[in-house]
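S.K.: Got a structure here, written out as structure tokens. Questions coming.
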Amino acid sequence: MKVYPYRRLTGNVSWRVDSAQLKTEGEPWEDVESKYVSTVERVVALGPNDDRPDWTQARLRLSANLPAKAVDGGSPWQDVKVVAVLTERATNTRTAVELSPIATDGRELTGELYLHRCDLLDRATLAVHVVATVGGVRGRVIATTDAEWFVDVIETAPSLARELDVKLVGFESGASRLRRFKDSPWVVDTTGRIPAVRVNTDFDGLEGLMGGEGGNGAEKTVRELLLTQMCSEVWTAVFHSAVGDLEIEEDGTPLFPHGWQGEVLRAMLPDIHPDRDPEDALREIHAARTGTSATGWGELQPRIHFAASKRAGVPRTLSTTIRDLERLTQGDDA
Amino acid sequence: MEAAEDFGPWLARQLRNAGKSQTDLAVELGMTRAAVSAWIVGRSVPRDETIRRIAELLHTDLETIHTRSADAQLGLPVSWYHRPAHDDGGREYGNAAAFAFEADVSVLAREATQNSLDARLDPSRPVRVRYTLHELTGEALARFREAVDWERLLPHYDALTADGGRQDKVSRTIAAGLRDMYQRDRLVLLRVEDYNATGLTGDDYGDGLFAAVVRRQLDSQKKDSGAGGSYGLGKATLWATSRLGLVLINSTLSEPHEGRTERRLIGRLDLPWREVDGREFAGPAWFGRPDPNAKSSDVARSWWADEETVERLHLTRESGEPGTSFLIVGAHDVASLAPVTGDEDSVEDDDSVQRMHARLKDALGRNFWAAMTEGGGHEAHLKASVRTYRNGAILIPEEIVDPADTQPSRTRALRAFLEGDTVDRLTARGQVARATVRLSVPLRGGEVRSGVPHEAVVLVTNAEDDVEGRPNRLVSMRGNRMTVKNSSVPNIPIGTNPFQAVLLVGRAAGPDAPGAEAAEEFLRASEPPEHNKWGQTEELRLAYSPAAHRRIATLTTLANQAVRDLVAVPRAKRRNGGEAKIASRLKVGGTTKKARPSGTAMPELDNVDALIDETGAWSVTVDLRVASNVDTDRPITPVAKFDVRSGPRPAAPWKELVAISGCAVVDGALRLTPGSRKAAFRGVTDVSRHPVRAQLTGLVVELRSGKGEQA
Amino acid sequence: MTDRPSYLPEHLGLLPNAEAAEFLTEGLLAGREDTPSLKLNRVTEPLPYTDRRGELRPVRDLVEDAMAYCRAGGLKATQADAWLAPRLHAALRLTRREAADPGFWNYLALGVAPDYVVWRHLSDAKVAADRFRGQYHKQAFARLWWAAELFRDGSDYSPVVTACANQDIMNTALRMSVINHRPTAQAIVRLVAKGVITTGREVNALMGAVNASAATLMYDVIAPDVERESRPLLDWIAEAEHARQVSRQELPAGPDEEPTPELSVSALVDYFSDLFADAPVRGRDLDLGLEAVEETD
């Protein structure tokens with residue numbers, strides 16, 4: 001629970017990205033179709049596609065609504081401003097823009113935020129803060145909206161969830177680091193912007209089996225089993241990577257990492273420590289990993305394995321497979 | 001002075017009403033039968049002196065005989081005529097239709113308004129429909145009872161409700177209606193009137209609209225084959241809305257009947273079998289003039305009423321414009337027991353007129369938003385309003401139903417289309433995108449392969465939050481602007497902005513749309529009597545071909561595709577389908593499980609009161625909620641940290657930690673008192689460890705299980 | 001001692017994190033081995049651009065000159081940062097989008113100048129692996145580039161020199177997101193330049209105060225920056241085709257962006273001085289801090 005030495009604004013500050021425009025060098029601004037601005041996912045997808053220019057600059061139109069008490073005469077806040085801030089960690093980008101009221105009551109505000117393609121790597125966060133003078137102190141943040149938006153400059157579909165980078169490649173003919181794994185069906189690389197999964201097409205028959213559609217019952221069963229097996233391994237690897245490099249506070253509290261690492265941890269921790277809240281679970285895991293807890297890192301592995309296989313859908317797939325197998329065998333007998 | 005009707009037909013009807021023949025009159029006047037006959041066929045007119053004598057003989061005044069605006073009060077009076085039961089003693093339980101439905105003013109609004117739309121007279125102007133709720137009490141109620149000849153009705157109601165053992169639905173409903181009237185001194189009238197409609201034309205018993213609506217409950221008598229409502233059931237909803245099974249009708253005809261157009265009145269009562277004063281009755285009763293031509297004098301026909309009577313019966317029409325007024329006596333609304341969105345503060349009973357008013361308005365908006373939408377010089381098909389009175393005084397002033405209230409996005413879509421204000425692609429909220437889809441209309445009786453190309457219109461706009469019900473739907477309609485289909489658009493990816501879409505086919509696609517007439521005709525043939533889909537029908541099979549309905553399936557597919565193209569981002573084309581398949585299983589983010597940890601045994605922070613004390617330290621008073629499963633043997637360490645913009649938060653070590661209640665402080669940790677559900681403590685931070693003065697910080701207070709590293 | 005790579009291709013490349021791991025040998029981290037440059041260049045990926053700023057030679061020369069500059073002046077290796085950061089930034093002419101690719105920095109550290117990384121960062125007979133491959137505020141070259149990017153005031157690199165001359169700014173401030181606001185970064189540099197902040201403890205105290213205070217105050221509002229324009233940067237990058245090598249004597253000029261508003265910087269300088277006055281600095285008299293707190297009430 002957070003407390004502040006001044007009155008903060010409670011209640012709902014709603015805001016949204018209303019529309020977006022893109023600009024290519026030497027061309028006029030061009031409207032972005034609303035389907036790339038998802039109010040459901042709160043994602044603006046500005047990645048390149050066929051009917052979109054290779055843009056250099058984007059402009060987002062934002063609107064926000066303040067609760068009445070924010071602008072009431074008797075409120076403890078003067079000079080109330082609404083500020084939208086776009087940040088991206090990978091590029092240390094921070095752009096702030098103040099919204100302007102469009103109605104006399106000052107509760108409805110709009111603004112335009114400009115962003116430059118050359119300043120952004122993949123996904124920027126857009127947040128809205130309400131700032132006011134409180135007790136004579138200027139620039140106090142009196143509210144920060146829970147609802148963040150993301151501006152994704154790589155993806156074309158506005159989706160909060162991101163797919164891992166999956167490619168089917170030949171390991172023998174591929175990059176040297178893959179050649180080393182030429183007998184492996186797949187490898188996971190967690191060192192990039194987003195985890196990468198490489199499936200070995202030089203592994204005889206693997207591509208047809210995993211990437212294929214249809215096939216007979218046995219083939220489908222094996223494919224499903226194989227896919228969940230692979231996913232389970234991917235989640236295990238990804239989890240280990242995410243937990244491996246945490247920022248630690250002076251009392252030993254690990255901080256949730258940003259980006260996919262944080263997302264993976266938040267998704268898997270409840271299955272690893274179902275009786276703890278995520279912060280507590282992370283602390284416990286960090287302690288186990290660094291050897292400062294009674295539970296050793298080794299003892300934690302079955303839990304990680306369980307969480308990964310659950311996420312991959314192994315138990316469900318396995319029970320279906322076993323049933324299918326029984327049916328197939330009976331078919332043979334008949 | 002212009003008379004309402006020629007003298008001849010008027011006189012003929014008066015004689016019929018009085019049960020006199022032309023000879024009878026001739027004898028009484030001392031004239032020849034031929035003279036009387038000449039007046040009746042209009043070959044001659046009687047002299048003033050003779051007219052005066054005729055007035056005497058017909059027990060009427062000269063005014064009536066000159067204006068001929070009403071019938072003479074001779075013969076059997078206007079009143080209730082109950083149909084006797086069949087001689088075979090079969091207990092026919094009256095009209096099934098009337099009491100078969102649950103009273104629901106929303107259904108009434110839909111069905112009655114549809115009938116009005118179908119009966120639109122001048123297609124270049126909207127048909128106007130007005131719903132008037134009128135609550136009567138006391139004196140006003142008594143006057144209405146008198147006007148409706150209540151004394152001739154009551155015994156029949158009593159007969160149906162007196163027997164306590166007959167607790168069937170009909171008697172329960174009627175009993176409730178009577179209780180409302182006698183114990184609460186209250187009666188609700190609901191008048192449904194339309195203007196610029198045909199009115200109830202035709203003979204009392206013939207094939208006309210009058211007979212269809214008044215006589216035969218389940219008939220459908222359509223004026224235009226473009227009509228859309230379910231006529232037969234539509235009428236029944238009028239009676240179903242009356243607790244007393246009683247509806248009075250006043251119609252202004254678009255085509256004269258008996259030489260007249262205004263104030264054609266009749267009342268109809270639908271009751272099951274009953275025994276009154278030793279006589280058995282079954283089926284409808286009529287409020288009108290007994291039919292001199294009918295075999296039984298217990299059948300009544302419509303009559304031409306004078307203005308005063310119409311007034312007393314609450315059936316006055318605002319103008320001479322053709323159309324019909326239905327007065328539902330004892331209107332109620334069982335369905336409104338379900339909550340409605342209205343701004344009523346108090347909880348109203350189920351039959352409150354305020355509630356019914358709101359529901360009528362809502363139902364009109366929901367069902368007829370398209371018919372009520374105008375724009376770009378195109379008149380609406382329909383204008384509807386609702387108003388409410390109590391004892392003649394306005395309770396809720398007339399409200400014109402604005403389709404945008406209940407269907408903001410769909411109305412916006414249609415209006416933009418009518419005004420030619422659509423866009424090709426959606427780029428901002430409030431825009432309406434228009435796309436064209438091709439329907440190949442087969443030739444009537446023609447070859448399967450050939451056809452007339454029709455360009456149907458797909459409109460898409462963003463849904464407005466929570467007003468219109470489910471988003472992401474496609475509503476389809478043709479020229480009559482009635483929703484034939486309301487279906488969800490398939491394969492819409494997650495994250496798609498909520499939208500509403502409208503498919504306009506046939507005449508709805510606009511007069512300039514190629515093949516509009518052919519498409520309209522084709523769709524009409526594919527529309528079943530329920531008007532709830534387009535598909536295979538007998539008519540379609542016979543008039544077109546057995547395979548013709550497939551064209552509609554193709555149209556649906558194309559329309560859905562057009563919608564998807566406008567609202568959804570196509571999946572990125574990958575080089576490899578296998579990669580896409582695997583990647584779809586490997587996603588991060590998006591679904592953050594907010595699962596509360598199961599069996600967590602930590603106290604919760606209930607409240608933190610914080611202030612900065614005179615030394616500049618944070619002084620916090622913390623209330624804890626302790627669930628019963630919290631292990632009180634385990635110490636709890638309260639931890640404070642300073643909030644920061646980024647990175648690790650500096651610790652704010654306690655200089656002082658004091659238990660207030662429900663706990664004790666032992667070695668810098670809290671020991672909870674067993675059994676206590678609440679605990680409170682106070683902590684003061686060590687100001688020498690503040691990174692910056694407290695006034696500029698935010699403090700984070702958390703609880704740790706066990707003894708923390710913090711001193 | 002690790003030497004310059006035996007093979008230096010014409011153009012810079014990208015060495016993805018996954019590939020870089022292989023070259024982070026114990027021998028290299030101990031400064032005993034060279035990088036296998038032929039092998040390394042076989043697994044690199046080409047830059048996404050092909051213009052002259054992708055040439056390897058000028059970068060290599062610059063790094064060598066940085067080492068020579070220190071050796072000649074008898075300076076400590078840490079003192080190379082202030083000299084190299086602005087010049088590296090001006091030589092590379094990258095956008096932030098390009099600079100966010102760790103593969104670029106991996107290549108500089110392992111493929112172009114491992115000898116520099118070892119020379120600059122060898123301590124206790126070992127170089128931390130993240131000096132070769134690591135986060136932007138750790139990696140040997142990324143930290144210099146980002147320090148220059150975040151502390152330059154438009155085309156003026158002199159604040160970069162000040163910032164990079166203070167290892168505590170490099171170690172503490174560079175990783176904090178508060179400095180992504182230009183007026184904040186400029187105000188901090190100015191406090192260092194004015195000598196208000198000198199010791200490492202003071203830098204840490206100031207940064208802690210600025211970071212904590214930013215949780216309740218929005219500096220963007222009390223000290224607004226001008227709206228960001230990318231045109232000058234892109235023009236500056238385009239000029240790389242004709243630009244001469246960066247001067248070894250003079251400070252180069254960065255992209256012709258609008259300078260940070262003086263009013264905003266001075267407002268924050270005053271504000272931060274005030275914060276610093278009552279921030280606890282380890283070793284500073286405790287009583288002073290308490291007095292200051294009382295004053296503010």
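We name chains A, B, ... following the order of the structure tokens; residues begin at 1 in each chain, and ligands are numbered from 1 as shown.
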Would you pick out the contacts of Tyr107 of chain C at 8 Å or less, using only C-alpha atoms, so that residues sharing its chain but fewer than 4 positions from it are not included, and give the list as an MDAnalysis selection string?
M.R.: chainID C and resid 12:15 44 103 111:112
S.K.: Could you produce a table of the residues of chain A lying within 10 Å of chain C, with the nearest pair of atoms per residue and their separation in Å rounded to one decimal, using only C-alpha atoms, ordered by chain and increasing residue number, as JSON lines?
M.R.:
```
{"residue": "A:Tyr4", "atom": "CA", "partner": "C:Thr216", "partner_atom": "CA", "distance": 7.9}
{"residue": "A:Pro5", "atom": "CA", "partner": "C:Thr216", "partner_atom": "CA", "distance": 9.3}
{"residue": "A:Tyr6", "atom": "CA", "partner": "C:Thr216", "partner_atom": "CA", "distance": 9.4}
{"residue": "A:Glu25", "atom": "CA", "partner": "C:Arg231", "partner_atom": "CA", "distance": 9.8}
{"residue": "A:Thr56", "atom": "CA", "partner": "C:Ser230", "partner_atom": "CA", "distance": 8.7}
{"residue": "A:Gln57", "atom": "CA", "partner": "C:Ser230", "partner_atom": "CA", "distance": 8.5}
{"residue": "A:Lys81", "atom": "CA", "partner": "C:Val221", "partner_atom": "CA", "distance": 8.7}
{"residue": "A:Val82", "atom": "CA", "partner": "C:Val221", "partner_atom": "CA", "distance": 9.8}
{"residue": "A:Val83", "atom": "CA", "partner": "C:Val221", "partner_atom": "CA", "distance": 8.2}
{"residue": "A:Val85", "atom": "CA", "partner": "C:Asp220", "partner_atom": "CA", "distance": 9.2}
{"residue": "A:Thr87", "atom": "CA", "partner": "C:Asn180", "partner_atom": "CA", "distance": 9.0}
{"residue": "A:Glu88", "atom": "CA", "partner": "C:Ser177", "partner_atom": "CA", "distance": 9.9}
{"residue": "A:Arg89", "atom": "CA", "partner": "C:Ser177", "partner_atom": "CA", "distance": 8.1}
{"residue": "A:Ala90", "atom": "CA", "partner": "C:Ala100", "partner_atom": "CA", "distance": 5.7}
{"residue": "A:Thr91", "atom": "CA", "partner": "C:Arg96", "partner_atom": "CA", "distance": 5.5}
{"residue": "A:Asn92", "atom": "CA", "partner": "C:Asn180", "partner_atom": "CA", "distance": 5.9}
{"residue": "A:Thr93", "atom": "CA", "partner": "C:Asn180", "partner_atom": "CA", "distance": 6.4}
{"residue": "A:Arg94", "atom": "CA", "partner": "C:Asn180", "partner_atom": "CA", "distance": 5.8}
{"residue": "A:Thr95", "atom": "CA", "partner": "C:Arg228", "partner_atom": "CA", "distance": 7.8}
{"residue": "A:Ala96", "atom": "CA", "partner": "C:Asp220", "partner_atom": "CA", "distance": 6.7}
{"residue": "A:Val97", "atom": "CA", "partner": "C:Glu227", "partner_atom": "CA", "distance": 8.6}
{"residue": "A:Glu98", "atom": "CA", "partner": "C:Val221", "partner_atom": "CA", "distance": 8.3}
{"residue": "A:Leu113", "atom": "CA", "partner": "C:Glu227", "partner_atom": "CA", "distance": 9.7}
{"residue": "A:Tyr114", "atom": "CA", "partner": "C:Arg228", "partner_atom": "CA", "distance": 8.2}
{"residue": "A:Leu115", "atom": "CA", "partner": "C:Arg228", "partner_atom": "CA", "distance": 8.3}
{"residue": "A:His116", "atom": "CA", "partner": "C:Ser230", "partner_atom": "CA", "distance": 6.6}
{"residue": "A:Arg117", "atom": "CA", "partner": "C:Arg97", "partner_atom": "CA", "distance": 7.7}
{"residue": "A:Cys118", "atom": "CA", "partner": "C:Arg97", "partner_atom": "CA", "distance": 5.3}
{"residue": "A:Asp119", "atom": "CA", "partner": "C:Arg96", "partner_atom": "CA", "distance": 5.1}
{"residue": "A:Leu120", "atom": "CA", "partner": "C:Arg97", "partner_atom": "CA", "distance": 5.1}
{"residue": "A:Leu121", "atom": "CA", "partner": "C:Arg97", "partner_atom": "CA", "distance": 4.8}
{"residue": "A:Asp122", "atom": "CA", "partner": "C:Arg97", "partner_atom": "CA", "distance": 8.6}
{"residue": "A:His129", "atom": "CA", "partner": "C:Met218", "partner_atom": "CA", "distance": 8.9}
{"residue": "A:Val130", "atom": "CA", "partner": "C:Met218", "partner_atom": "CA", "distance": 9.5}
{"residue": "A:Val131", "atom": "CA", "partner": "C:Met218", "partner_atom": "CA", "distance": 7.3}
{"residue": "A:Ala132", "atom": "CA", "partner": "C:Val221", "partner_atom": "CA", "distance": 9.3}
{"residue": "A:Thr133", "atom": "CA", "partner": "C:Leu217", "partner_atom": "CA", "distance": 9.9}
{"residue": "A:Val137", "atom": "CA", "partner": "C:Leu217", "partner_atom": "CA", "distance": 8.9}
{"residue": "A:Arg138", "atom": "CA", "partner": "C:Ile222", "partner_atom": "CA", "distance": 6.8}
{"residue": "A:Gly139", "atom": "CA", "partner": "C:Leu217", "partner_atom": "CA", "distance": 5.3}
{"residue": "A:Arg140", "atom": "CA", "partner": "C:Leu217", "partner_atom": "CA", "distance": 4.5}
{"residue": "A:Val141", "atom": "CA", "partner": "C:Thr216", "partner_atom": "CA", "distance": 5.3}
{"residue": "A:Ile142", "atom": "CA", "partner": "C:Thr216", "partner_atom": "CA", "distance": 7.8}
{"residue": "A:Ala143", "atom": "CA", "partner": "C:Thr216", "partner_atom": "CA", "distance": 9.6}
{"residue": "A:Gly174", "atom": "CA", "partner": "C:Val43", "partner_atom": "CA", "distance": 10.0}
{"residue": "A:Ala175", "atom": "CA", "partner": "C:Val43", "partner_atom": "CA", "distance": 6.6}
{"residue": "A:Ser176", "atom": "CA", "partner": "C:Val43", "partner_atom": "CA", "distance": 6.7}
{"residue": "A:Arg177", "atom": "CA", "partner": "C:Glu19", "partner_atom": "CA", "distance": 6.5}
{"residue": "A:Leu178", "atom": "CA", "partner": "C:Glu19", "partner_atom": "CA", "distance": 9.7}
{"residue": "A:Asp189", "atom": "CA", "partner": "C:Ala18", "partner_atom": "CA", "distance": 6.8}
{"residue": "A:Thr190", "atom": "CA", "partner": "C:Ala18", "partner_atom": "CA", "distance": 8.1}
{"residue": "A:Thr191", "atom": "CA", "partner": "C:Asn17", "partner_atom": "CA", "distance": 5.7}
{"residue": "A:Gly192", "atom": "CA", "partner": "C:Asn17", "partner_atom": "CA", "distance": 6.5}
{"residue": "A:Arg193", "atom": "CA", "partner": "C:Asp101", "partner_atom": "CA", "distance": 8.6}
```
S.K.: Do me a favour and pick out the residues of chain B within 6 Å of chain C, using only C-alpha atoms, as a ChimeraX atom specification.
M.R.: /B:643-645,691-692,696-697
S.K.: For segment 139-146 of chain B, please output as a ChimeraX atom specification all residues within 7 Å (counting only C-alpha atoms; exclusion window: fewer than 3 positions along the same chain).
M.R.: /B:136,149-150,187,312-313,391
S.K.: Export, as a short mmCIF file (atom, residue, chain, number, x, y, z; two decimals), in the first residue's frame, the selected residues with N, CA, C and O atoms.
M.R.:
```cif
data_model
loop_
_atom_site.label_atom_id
_atom_site.label_comp_id
_atom_site.auth_asym_id
_atom_site.auth_seq_id
_atom_site.Cartn_x
_atom_site.Cartn_y
_atom_site.Cartn_z
N LEU B 136 -56.21 6.51 -14.82
CA LEU B 136 -57.45 7.12 -14.34
C LEU B 136 -57.70 6.71 -12.90
O LEU B 136 -57.49 5.55 -12.53
N ASP B 149 -70.00 1.65 -20.55
CA ASP B 149 -71.16 0.83 -20.19
C ASP B 149 -70.74 -0.34 -19.30
O ASP B 149 -71.00 -1.51 -19.57
N TRP B 150 -70.02 -0.01 -18.27
CA TRP B 150 -69.39 -0.97 -17.39
C TRP B 150 -70.40 -1.96 -16.78
O TRP B 150 -70.07 -3.11 -16.54
N LEU B 187 -57.11 2.67 -13.01
CA LEU B 187 -57.21 1.96 -14.28
C LEU B 187 -56.23 2.61 -15.25
O LEU B 187 -56.16 3.82 -15.36
N ARG B 312 -65.49 10.89 -24.61
CA ARG B 312 -65.74 10.20 -23.35
C ARG B 312 -65.05 8.84 -23.30
O ARG B 312 -64.70 8.33 -22.25
N LEU B 313 -64.85 8.25 -24.48
CA LEU B 313 -64.20 6.94 -24.54
C LEU B 313 -62.66 7.06 -24.68
O LEU B 313 -61.97 6.06 -24.92
N ASN B 391 -55.32 11.31 -15.07
CA ASN B 391 -56.58 12.05 -14.99
C ASN B 391 -56.58 13.33 -15.83
O ASN B 391 -56.94 14.40 -15.38
#
```
S.K.: Counting only C-alpha atoms, what is within 8 Å of Leu174 of chain C, bar same-chain residues fewer than 4 positions away, as JSON, numbers by chain?
M.R.: {"C": [137, 143, 146, 147, 169, 170, 179]}
S.K.: Quick one: write out the picked residues with C-alpha atoms as a PDB file, in the first residue's frame?
M.R.:
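result.pdb, written as the output of this step:
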```
ATOM      1  CA  HIS C 137      24.771   1.052 -18.806  1.00  0.00           C
ATOM      2  CA  ARG C 143      27.526   3.021 -21.829  1.00  0.00           C
ATOM      3  CA  TRP C 146      24.163   6.285 -24.142  1.00  0.00           C
ATOM      4  CA  ALA C 147      25.931   8.650 -21.758  1.00  0.00           C
ATOM      5  CA  ILE C 169      27.348   9.527 -12.727  1.00  0.00           C
ATOM      6  CA  MET C 170      28.195   6.770 -15.187  1.00  0.00           C
ATOM      7  CA  ILE C 179      17.594  11.259 -16.835  1.00  0.00           C
TER       8      ILE C 179
END
```
S.K.: Return the neighbours of chain A among the residues of chain B, cut-off 6 Å, counting only C-alpha atoms, as a list in words.
M.R.: Leu426, Thr427, Ala428, Gly495, Asn497, Val567, Ala568, Val569, Gly578, Glu579, Ala583, Leu586, Lys587, Val588, Gly589, Gly590, Pro597, Ser598, Gly599, Thr600, Pro648, Gln695, Gly698, Leu699, Val700 and Val701 of chain B
S.K.: Quick one, how far is atom CA of Gly134 of chain C from atom CA of Phe104 of chain C?
M.R.: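 Going from atom CA of Gly134 of chain C over to atom CA of Phe104 of chain C covers 11.6 Å.
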S.K.: When you draw a straight line from atom CA of Pro403 of chain B to atom CA of Ala525 of chain B, how long is it in Å?
M.R.: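 Atom CA of Ala525 of chain B lies at a distance of 28.6 Å from atom CA of Pro403 of chain B.
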S.K.: Neighbours of Ala509 of chain B within 8 Å (only C-alpha atoms; same-chain residues fewer than 2 positions away dropped), as a list in words?
M.R.: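 Answer for this query is Glu455, Ala456, Val457, Arg478, Gly479, Leu504, Val505, Gly506, Arg507, Pro511, Asp512, Ala513 and Ala516 of chain B.
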S.K.: I'd like the contact shell of segment 5-8 of chain C - 7 Å cut-off, only C-alpha atoms, skipping same-chain residues fewer than 2 positions apart - returned as a ChimeraX atom specification.
M.R.: /C:3,10,34-35,37-38,111-112
S.K.: Take the residues from that selection and write them out as a JSON list (two decimals), in the first residue's frame, keeping C-alpha atoms.
M.R.:
```json
[["chain", "number", "residue", "atom", "x", "y", "z"],
["C", 3, "ASP", "CA", 45.47, -7.45, -28.68],
["C", 10, "GLU", "CA", 35.69, -3.18, -43.90],
["C", 34, "ASP", "CA", 42.67, -12.50, -28.33],
["C", 35, "THR", "CA", 39.30, -12.98, -29.95],
["C", 37, "SER", "CA", 38.35, -12.70, -35.30],
["C", 38, "LEU", "CA", 37.97, -14.77, -38.46],
["C", 111, "GLY", "CA", 34.99, -7.82, -33.07],
["C", 112, "VAL", "CA", 36.52, -4.34, -33.21]]
```
S.K.: Determine which residues of segment 94-205 of chain A DSSP labels as alpha helix (DSSP H) from the backbone of this structure, then write them out as a list in words.
M.R.: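 Listing alpha helix (DSSP H) positions across segment 94-205 of chain A yields Ser176, Arg177, Leu178 and Arg179 of chain A.
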S.K.: I need the residues from that last selection saved to file as a PDB file, in the first residue's frame (with N, CA, C and O atoms), if you can.
M.R.:
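Done, and the output landed in result12.pdb:
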```pdb
ATOM      1  N   SER A 176      26.354 -20.905 -36.893  1.00  0.00           N
ATOM      2  CA  SER A 176      27.252 -21.853 -36.252  1.00  0.00           C
ATOM      3  C   SER A 176      26.726 -22.331 -34.911  1.00  0.00           C
ATOM      4  O   SER A 176      26.904 -23.472 -34.529  1.00  0.00           O
ATOM      5  N   ARG A 177      26.064 -21.420 -34.200  1.00  0.00           N
ATOM      6  CA  ARG A 177      25.601 -21.835 -32.874  1.00  0.00           C
ATOM      7  C   ARG A 177      24.537 -22.916 -32.993  1.00  0.00           C
ATOM      8  O   ARG A 177      24.327 -23.696 -32.082  1.00  0.00           O
ATOM      9  N   LEU A 178      23.859 -22.963 -34.135  1.00  0.00           N
ATOM     10  CA  LEU A 178      22.845 -23.987 -34.333  1.00  0.00           C
ATOM     11  C   LEU A 178      23.503 -25.306 -34.760  1.00  0.00           C
ATOM     12  O   LEU A 178      23.033 -26.383 -34.421  1.00  0.00           O
ATOM     13  N   ARG A 179      24.602 -25.184 -35.505  1.00  0.00           N
ATOM     14  CA  ARG A 179      25.278 -26.390 -36.001  1.00  0.00           C
ATOM     15  C   ARG A 179      25.659 -27.310 -34.839  1.00  0.00           C
ATOM     16  O   ARG A 179      25.600 -28.516 -34.943  1.00  0.00           O
TER      17      ARG A 179
END
```
S.K.: Between atom CA of Gly420 of chain B and atom CA of Met372 of chain B, what distance in Å does the model show, to one decimal?
M.R.: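 Computing the Euclidean distance for atom CA of Gly420 of chain B and atom CA of Met372 of chain B yields 17.5 Å.
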